[in-house]
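Chemist: Let me give you the structure first, and then I'll get to my questions.
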There are 2 protein chains.
Amino acid sequence: MSLVQTAGLLADRTRAEFCLALLDGRAWTAGELARHAGVSAATASEQLTRLIDGGLLAEERQGRHRYVRLAGPAVASLIEELSSFGPAGTRPRSAGLRESSRLSAEARGRTCYDHLAGQLGVGVSDALLRRGLVSDEDGLSLTASGRSWFAAQDIAIEPAPAPRRSTRPVLRGCLDWTERRMHLGGLVGAALCRTAFERGWVERIGTGRALRLTTLGVRDFTEPLGLARPAA
Amino acid sequence: MSLVQTAGLLADRTRAEFCLALLDGRAWTAGELARHAGVSAATASEQLTRLIDGGLLAEERQGRHRYVRLAGPAVASLIEELSSFGPAGTRPRSAGLRESSRLSAEARGRTCYDHLAGQLGVGVSDALLRRGLVSDEDGLSLTASGRSWFAAQDIAIEPAPAPRRSTRPVLRGCLDWTERRMHLGGLVGAALCRTAFERGWVERIGTGRALRLTTLGVRDFTEPLGLARPAA
DNA sequence: GGGACAGTTCGGTGGCCGCCGAACTGTGGC
DNA sequence: GCCACAGTTCGGCGGCCACCGAACTGTCCC
């Protein structure tokens, strides 16, 4: 795969739509993606095969279903970087009720591939900054007290997955499109999100990418960090 | 600009060739790029306009010349990320004498947008790791002693350029295509490279992207770091 | 086994876009 | 003023590729 080929994969409306949908970090079936992007099953099947051959997506077949997901964090960060280009143009026009309620749930909290985003993600990010666990002078980094805080919480910041030496930074600012604020990505963001799921601090709402903060999460996660309790 | 449009800009052989050439961090004229990519002046002109409109390139007109360069570090990192995808496929076949002498000069030392690459870049990167100024456990980061070393050398790690809050990490591993080794990018890599030019530690060889380490550079830069003196 | 359904393969079509030569504009040197 | 040269604009050509419908394979359920 060369630069041209990889870019070409993302240079198509349909394939890009697939990838953006998969940015929630979950596995979708081919049919779901086809409906989501408004194309026939035939087209979806072809395009998914291309994305998989190009190494952007990974597939898992289960019975008559073909599940696909992003091939890894590098792909997610690539897509985010490409999306965040230019003068951050146009906001999509207003939507129906059902749609806008889904959107507001996602605005409160959601996953952005493997880390937390939305108001929850931004809030956590701000809290860590306020408490000096993370520093944003000359770029984002974990401070010494930040490292000990993570150790004290028993949250492991996974070193790079065994086989391939990763270039993934410990901490990475991720600028999302709904909030215009930065939230924490990178290994630290992924570790926080993984822990939040494992300890029941957050849970999925239905089948979307939206998240709900549980009462356990308020008690053990956001209140200790000094976050205001969310409005709804 | 959307994801699709930005990706589309890089999904063309000619435009990609331009961007890869500009990865040396310097400004090229439209004609130089046309010859480099083997297309007519007409084609180069059109494609450059597209790249500029899309925000990937910046232009500067001087008399009858049109100089273009990458619009910023974010573009360089985007291109590197896109290039480093997939199983790092095929190495270009061998070249003529003139070409291969240029290549070996570039292998010794060159710029990779705004930081040092080639054997020089990798060597510096290794030396900083060996001395504990940089850590690569769970991702790359600058250690406390690393921060004081930079301060002691009076090398400023520039905070993000004023207007826009940058997501550029302090330290970023950059995996280059000639060396298969990682070298230092990010704000730290840029600061080192800038300093190396300012203090005369390195200089350009001719008009290419290749670098020569000066005797001053050996004395004040690589020897203090414990690098072996390069073969040639 | 039959029917519903998820996904795939294939052929044909339409549109987009990268390319060039030719004619043109503008700059610099003599 | 003239010529050389860098870059631009335009029209037209050619190739690539995303799309669909239709026919097919494979899975699950009754």
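Chain labels A, B, ... are given in the sequence in which chains occur in the structure tokens; within each chain residues are numbered consecutively from 1, and ligands are likewise numbered from 1 in the order shown.
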Which residues of chain D come within 12 Å of chain A, and what is each one's closest atom pair and distance in Å (one decimal), counting only C-alpha atoms (C1' of nucleotides), sorted by chain and residue number, as a Markdown table?

Modeler:
| residue | atom | partner | partner_atom | distance |
| --- | --- | --- | --- | --- |
| D:DC17 | C1' | A:Asp12 | CA | 10.3 |
| D:DA18 | C1' | A:Thr43 | CA | 7.9 |
| D:DC19 | C1' | A:Thr43 | CA | 6.9 |
| D:DC20 | C1' | A:Ser40 | CA | 7.4 |
| D:DG21 | C1' | A:Ala42 | CA | 9.5 |
| D:DA22 | C1' | A:Ala42 | CA | 10.9 |
| D:DT25 | C1' | A:Arg64 | CA | 10.8 |
| D:DG26 | C1' | A:Arg64 | CA | 7.1 |
| D:DT27 | C1' | A:Arg64 | CA | 5.1 |
| D:DC28 | C1' | A:Arg64 | CA | 8.2 |

Chemist: Please dump the current selection as an mmCIF file, in the first residue's frame; keep C-alpha atoms (C1' of nucleotides).

Modeler:
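Result written to again-v8.cif:
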data_model
loop_
_atom_site.group_PDB
_atom_site.id
_atom_site.type_symbol
_atom_site.label_atom_id
_atom_site.label_comp_id
_atom_site.auth_asym_id
_atom_site.auth_seq_id
_atom_site.Cartn_x
_atom_site.Cartn_y
_atom_site.Cartn_z
ATOM 1 C "C1'" DC D 17 -14.219 3.417 -10.901
ATOM 2 C "C1'" DA D 18 -18.477 3.681 -8.000
ATOM 3 C "C1'" DC D 19 -22.902 2.359 -8.790
ATOM 4 C "C1'" DC D 20 -26.846 -0.772 -9.562
ATOM 5 C "C1'" DG D 21 -29.844 -4.935 -10.809
ATOM 6 C "C1'" DA D 22 -29.827 -9.640 -11.392
ATOM 7 C "C1'" DT D 25 -23.991 -18.941 -2.569
ATOM 8 C "C1'" DG D 26 -24.381 -19.816 2.040
ATOM 9 C "C1'" DT D 27 -26.725 -19.637 6.746
ATOM 10 C "C1'" DC D 28 -30.504 -19.876 9.926
#

Chemist: Quick one: DSSP strand (DSSP E) residues in chain B, as a ChimeraX atom specification?

Modeler: /B:28-29,57-62,65-70,110-112,115-117,134-135,141-142,172-175,182-185,202-204,211-213

Chemist: Can you list, as an MDAnalysis selection string, every protein, DNA or RNA residue that comes within 10 Å of region 72-87 of chain A when you count only C-alpha atoms (C1' of nucleotides), leaving out same-chain residues fewer than 4 positions away?

Modeler: (chainID A and resid 7 10 16 19:20 22:25 55:58 112:114 166:168 172 174:177 185:187 190) or (chainID B and resid 1:7 53:56 74:75 77:79 81:82 85 167)

Chemist: Write out, as a short mmCIF file (atom, residue, chain, number, x, y, z; two decimals), in the first residue's frame, the residues just selected, with N, CA and C atoms.

Modeler:
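Wrote part_7.cif, looks like this:
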data_model
loop_
_atom_site.label_atom_id
_atom_site.label_comp_id
_atom_site.auth_asym_id
_atom_site.auth_seq_id
_atom_site.Cartn_x
_atom_site.Cartn_y
_atom_site.Cartn_z
N ALA A 7 -4.79 6.78 0.54
CA ALA A 7 -5.61 7.99 0.44
C ALA A 7 -6.81 7.72 -0.46
N LEU A 10 -9.89 6.38 1.16
CA LEU A 10 -10.69 7.30 1.95
C LEU A 10 -11.24 8.44 1.11
N ALA A 16 -15.73 6.49 2.99
CA ALA A 16 -15.47 7.39 4.11
C ALA A 16 -16.59 7.31 5.14
N CYS A 19 -16.09 4.38 7.30
CA CYS A 19 -15.01 4.55 8.28
C CYS A 19 -15.44 5.48 9.41
N LEU A 20 -16.16 6.53 9.08
CA LEU A 20 -16.61 7.46 10.12
C LEU A 20 -17.57 6.76 11.07
N LEU A 22 -17.54 3.64 11.76
CA LEU A 22 -16.76 2.67 12.54
C LEU A 22 -15.87 3.34 13.57
N LEU A 23 -15.80 4.66 13.50
CA LEU A 23 -14.99 5.40 14.48
C LEU A 23 -15.54 5.23 15.89
N ASP A 24 -16.72 4.68 16.04
CA ASP A 24 -17.22 4.46 17.39
C ASP A 24 -16.51 3.29 18.05
N GLY A 25 -15.68 2.61 17.29
CA GLY A 25 -14.84 1.57 17.88
C GLY A 25 -15.50 0.21 17.93
N GLY A 55 -6.06 -2.78 4.39
CA GLY A 55 -5.55 -2.78 5.76
C GLY A 55 -6.20 -1.77 6.68
N LEU A 56 -7.26 -1.11 6.21
CA LEU A 56 -7.90 -0.12 7.08
C LEU A 56 -8.92 -0.78 8.00
N LEU A 57 -9.53 -1.85 7.52
CA LEU A 57 -10.57 -2.52 8.30
C LEU A 57 -10.16 -3.96 8.56
N ALA A 58 -10.73 -4.53 9.63
CA ALA A 58 -10.54 -5.94 9.91
C ALA A 58 -11.91 -6.58 9.90
N CYS A 112 -14.98 7.63 21.14
CA CYS A 112 -14.33 8.10 19.92
C CYS A 112 -13.24 7.07 19.69
N TYR A 113 -13.57 6.05 18.92
CA TYR A 113 -12.78 4.84 18.76
C TYR A 113 -12.54 4.19 20.11
N ASP A 114 -11.40 4.40 20.74
CA ASP A 114 -11.16 3.65 21.97
C ASP A 114 -11.00 4.55 23.19
N SER A 166 5.07 0.48 18.43
CA SER A 166 4.05 1.46 18.05
C SER A 166 4.58 2.87 18.08
N THR A 167 4.02 3.72 17.25
CA THR A 167 4.37 5.13 17.31
C THR A 167 3.28 5.89 18.05
N ARG A 168 2.37 5.16 18.64
CA ARG A 168 1.25 5.83 19.28
C ARG A 168 1.72 6.58 20.52
N ARG A 172 -2.49 12.08 23.60
CA ARG A 172 -2.70 12.77 22.35
C ARG A 172 -3.98 13.57 22.48
N CYS A 174 -7.28 14.95 21.10
CA CYS A 174 -8.16 14.57 20.00
C CYS A 174 -9.22 15.65 19.91
N LEU A 175 -9.29 16.31 18.78
CA LEU A 175 -10.23 17.41 18.62
C LEU A 175 -11.45 16.87 17.92
N ASP A 176 -12.57 16.87 18.59
CA ASP A 176 -13.73 16.22 18.02
C ASP A 176 -14.66 17.22 17.36
N TRP A 177 -15.60 16.71 16.53
CA TRP A 177 -16.35 17.65 15.72
C TRP A 177 -17.59 18.21 16.40
N GLY A 185 -6.81 11.44 24.02
CA GLY A 185 -6.69 10.21 23.26
C GLY A 185 -5.38 9.54 23.62
N GLY A 186 -4.83 8.83 22.66
CA GLY A 186 -3.55 8.16 22.91
C GLY A 186 -3.71 7.01 23.88
N LEU A 187 -2.60 6.50 24.38
CA LEU A 187 -2.63 5.35 25.28
C LEU A 187 -3.36 5.67 26.57
N ALA A 190 -7.12 5.68 25.96
CA ALA A 190 -7.60 4.31 25.79
C ALA A 190 -7.66 3.58 27.13
N MET B 1 -13.57 21.72 3.86
CA MET B 1 -12.89 20.49 3.48
C MET B 1 -13.37 19.33 4.33
N SER B 2 -13.76 18.29 3.69
CA SER B 2 -14.17 17.11 4.42
C SER B 2 -13.08 16.05 4.30
N LEU B 3 -13.24 15.01 5.06
CA LEU B 3 -12.36 13.86 4.96
C LEU B 3 -12.19 13.40 3.52
N VAL B 4 -13.32 13.30 2.81
CA VAL B 4 -13.28 12.79 1.44
C VAL B 4 -12.45 13.70 0.54
N GLN B 5 -12.67 14.99 0.69
CA GLN B 5 -11.94 15.91 -0.17
C GLN B 5 -10.45 15.91 0.12
N THR B 6 -10.12 15.94 1.41
CA THR B 6 -8.70 15.94 1.77
C THR B 6 -8.02 14.66 1.29
N ALA B 7 -8.66 13.54 1.53
CA ALA B 7 -8.09 12.28 1.08
C ALA B 7 -7.96 12.27 -0.44
N ASP B 53 -5.72 25.25 -2.43
CA ASP B 53 -7.12 25.51 -2.04
C ASP B 53 -7.55 24.56 -0.93
N GLY B 54 -7.03 23.36 -0.96
CA GLY B 54 -7.40 22.37 0.04
C GLY B 54 -6.67 22.55 1.36
N GLY B 55 -5.77 23.51 1.40
CA GLY B 55 -5.11 23.80 2.68
C GLY B 55 -3.91 22.93 2.98
N LEU B 56 -3.49 22.12 2.03
CA LEU B 56 -2.34 21.26 2.30
C LEU B 56 -1.02 21.99 2.03
N ALA B 74 1.30 19.72 10.71
CA ALA B 74 0.18 18.78 10.71
C ALA B 74 0.08 18.08 9.36
N VAL B 75 0.35 18.80 8.29
CA VAL B 75 0.31 18.19 6.96
C VAL B 75 1.41 17.16 6.82
N SER B 77 2.84 15.45 9.14
CA SER B 77 2.57 14.25 9.93
C SER B 77 1.45 13.43 9.30
N LEU B 78 0.49 14.12 8.69
CA LEU B 78 -0.58 13.42 7.98
C LEU B 78 -0.01 12.57 6.85
N ILE B 79 0.88 13.14 6.08
CA ILE B 79 1.45 12.44 4.94
C ILE B 79 2.30 11.26 5.40
N GLU B 81 1.91 9.61 8.13
CA GLU B 81 1.03 8.60 8.68
C GLU B 81 0.39 7.79 7.56
N LEU B 82 -0.03 8.48 6.51
CA LEU B 82 -0.63 7.80 5.37
C LEU B 82 0.39 6.90 4.67
N PHE B 85 1.54 3.19 6.01
CA PHE B 85 0.50 2.20 6.16
C PHE B 85 0.80 0.90 5.45
N THR B 167 -2.53 20.24 18.41
CA THR B 167 -2.62 18.89 18.96
C THR B 167 -1.29 18.18 18.75
#

Chemist: Provide the CA of Ala105 (chain B) to CA of Arg194 (chain B) distance in Å, to one decimal place.

Modeler: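 Computing the Euclidean distance for CA of Ala105 (chain B) and CA of Arg194 (chain B) yields 20.1 Å.
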
Chemist: Enumerate as a PyMOL selection string all residues of chain A assigned to helix (DSSP H, G or I) by DSSP on the backbone, naming them with the chain letters and numbers the document uses.

Modeler: chain A and resi 3-10+13-22+30-37+41-53+73-83+97-108+118-130+144-152+186-198+215-225

Chemist: How far is it from CA of Arg50 (chain B) to C1' of DG14 (chain C), in Å with one decimal?

Modeler: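 Going from CA of Arg50 (chain B) over to C1' of DG14 (chain C), I get 24.9 Å.
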
Chemist: Grab the CA of Leu116 (chain A) to CA of Cys193 (chain A) distance for me, in Å with one decimal place.

Modeler: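 Interatomic distance, CA of Leu116 (chain A) to CA of Cys193 (chain A): 5.8 Å.
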
Chemist: Kindly assemble as a tab-separated table a list of the region 7-32 of chain B residues that lie within 10 Å of region 2-11 of chain D, each paired with its nearest atom pair and their distance in Å to one decimal, using only C-alpha atoms (C1' of nucleotides), sorted first by chain and then by ascending residue number.

Modeler:
residue	atom	partner	partner_atom	distance
B:Thr29	CA	D:DA6	C1'	9.4
B:Ala30	CA	D:DG7	C1'	7.9
B:Gly31	CA	D:DA6	C1'	7.5

Chemist: With C-alpha atoms retained, could you export that selection as a PDB file, in the first residue's frame?

Modeler:
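Heads up, here's the output in selection.pdb:
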ATOM      1  CA  THR B  29       8.961  26.115  -7.509  1.00  0.00           C
ATOM      2  CA  ALA B  30       6.123  24.833  -9.649  1.00  0.00           C
ATOM      3  CA  GLY B  31       8.544  23.960 -12.457  1.00  0.00           C
TER       4      GLY B  31
END

Chemist: Can you list every residue of chain C that has an atom at most 10 Å from chain A, with its nearest atom pair and the distance in Å to one decimal, using only C-alpha atoms (C1' of nucleotides), ordered by chain then number, as a tab-separated table?

Modeler:
residue	atom	partner	partner_atom	distance
C:DC5	C1'	A:Arg64	CA	8.9
C:DA6	C1'	A:Arg64	CA	5.5
C:DG7	C1'	A:Ser45	CA	7.1
C:DT8	C1'	A:Ser45	CA	7.2
C:DT9	C1'	A:Ala42	CA	8.9

Chemist: I want to know what sits within 7 Å of region 198-205 of chain B, based on only C-alpha atoms (C1' of nucleotides), with residues of the same chain fewer than 3 positions away left out; could you give that as a short mmCIF file (atom, residue, chain, number, x, y, z; two decimals) with N, CA and C atoms, in the first residue's frame?

Modeler:
data_model
loop_
_atom_site.label_atom_id
_atom_site.label_comp_id
_atom_site.auth_asym_id
_atom_site.auth_seq_id
_atom_site.Cartn_x
_atom_site.Cartn_y
_atom_site.Cartn_z
N ARG B 194 15.92 22.75 14.44
CA ARG B 194 16.04 24.20 14.32
C ARG B 194 17.35 24.67 14.96
N THR B 195 17.60 24.17 16.16
CA THR B 195 18.82 24.54 16.87
C THR B 195 20.06 24.11 16.10
N GLY B 208 19.60 19.64 -2.33
CA GLY B 208 18.73 18.53 -1.96
C GLY B 208 18.32 18.62 -0.51
N ARG B 209 17.79 17.53 0.02
CA ARG B 209 17.37 17.53 1.41
C ARG B 209 18.46 16.92 2.29
N ALA B 210 19.57 16.53 1.65
CA ALA B 210 20.64 15.87 2.42
C ALA B 210 21.35 16.86 3.32
N LEU B 211 21.85 16.37 4.43
CA LEU B 211 22.53 17.19 5.43
C LEU B 211 23.94 16.70 5.64
N ARG B 212 24.84 17.61 5.98
CA ARG B 212 26.17 17.23 6.41
C ARG B 212 26.34 17.72 7.85
N LEU B 213 26.94 16.84 8.67
CA LEU B 213 27.27 17.22 10.03
C LEU B 213 28.59 18.00 9.97
N THR B 214 28.63 19.19 10.51
CA THR B 214 29.86 19.99 10.46
C THR B 214 30.81 19.56 11.58
N LEU B 216 31.91 21.50 13.79
CA LEU B 216 31.30 22.14 14.95
C LEU B 216 30.21 21.25 15.53
N GLY B 217 29.43 20.65 14.65
CA GLY B 217 28.35 19.77 15.09
C GLY B 217 28.88 18.54 15.80
N PHE B 221 27.66 18.70 19.39
CA PHE B 221 26.34 18.06 19.33
C PHE B 221 26.46 16.55 19.46
#

Chemist: Would you mind listing what lies within 9 Å of Gly121 (chain A) as JSON, numbers by chain, with only C-alpha atoms (C1' of nucleotides) counted and same-chain residues fewer than 3 positions away left out?

Modeler: {"A": [108, 109, 110, 111, 115, 116, 117, 118, 124, 125, 126, 182, 183, 184]}

Chemist: Which of these residues is nearest to chain A, using only C-alpha atoms: B:Arg147, B:Ala152, B:Leu128, B:Ala196?

Modeler: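 Using only C-alpha atoms, chain A sits closest to B:Arg147.
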
Chemist: Under the rule that only C-alpha atoms are counted, which of A:Leu120, A:Leu70, A:Ala156, A:Leu192 is the nearest residue to chain B?

Modeler: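 Of A:Leu120, A:Leu70, A:Ala156, A:Leu192, the one nearest chain B is A:Ala156, counting only C-alpha atoms.
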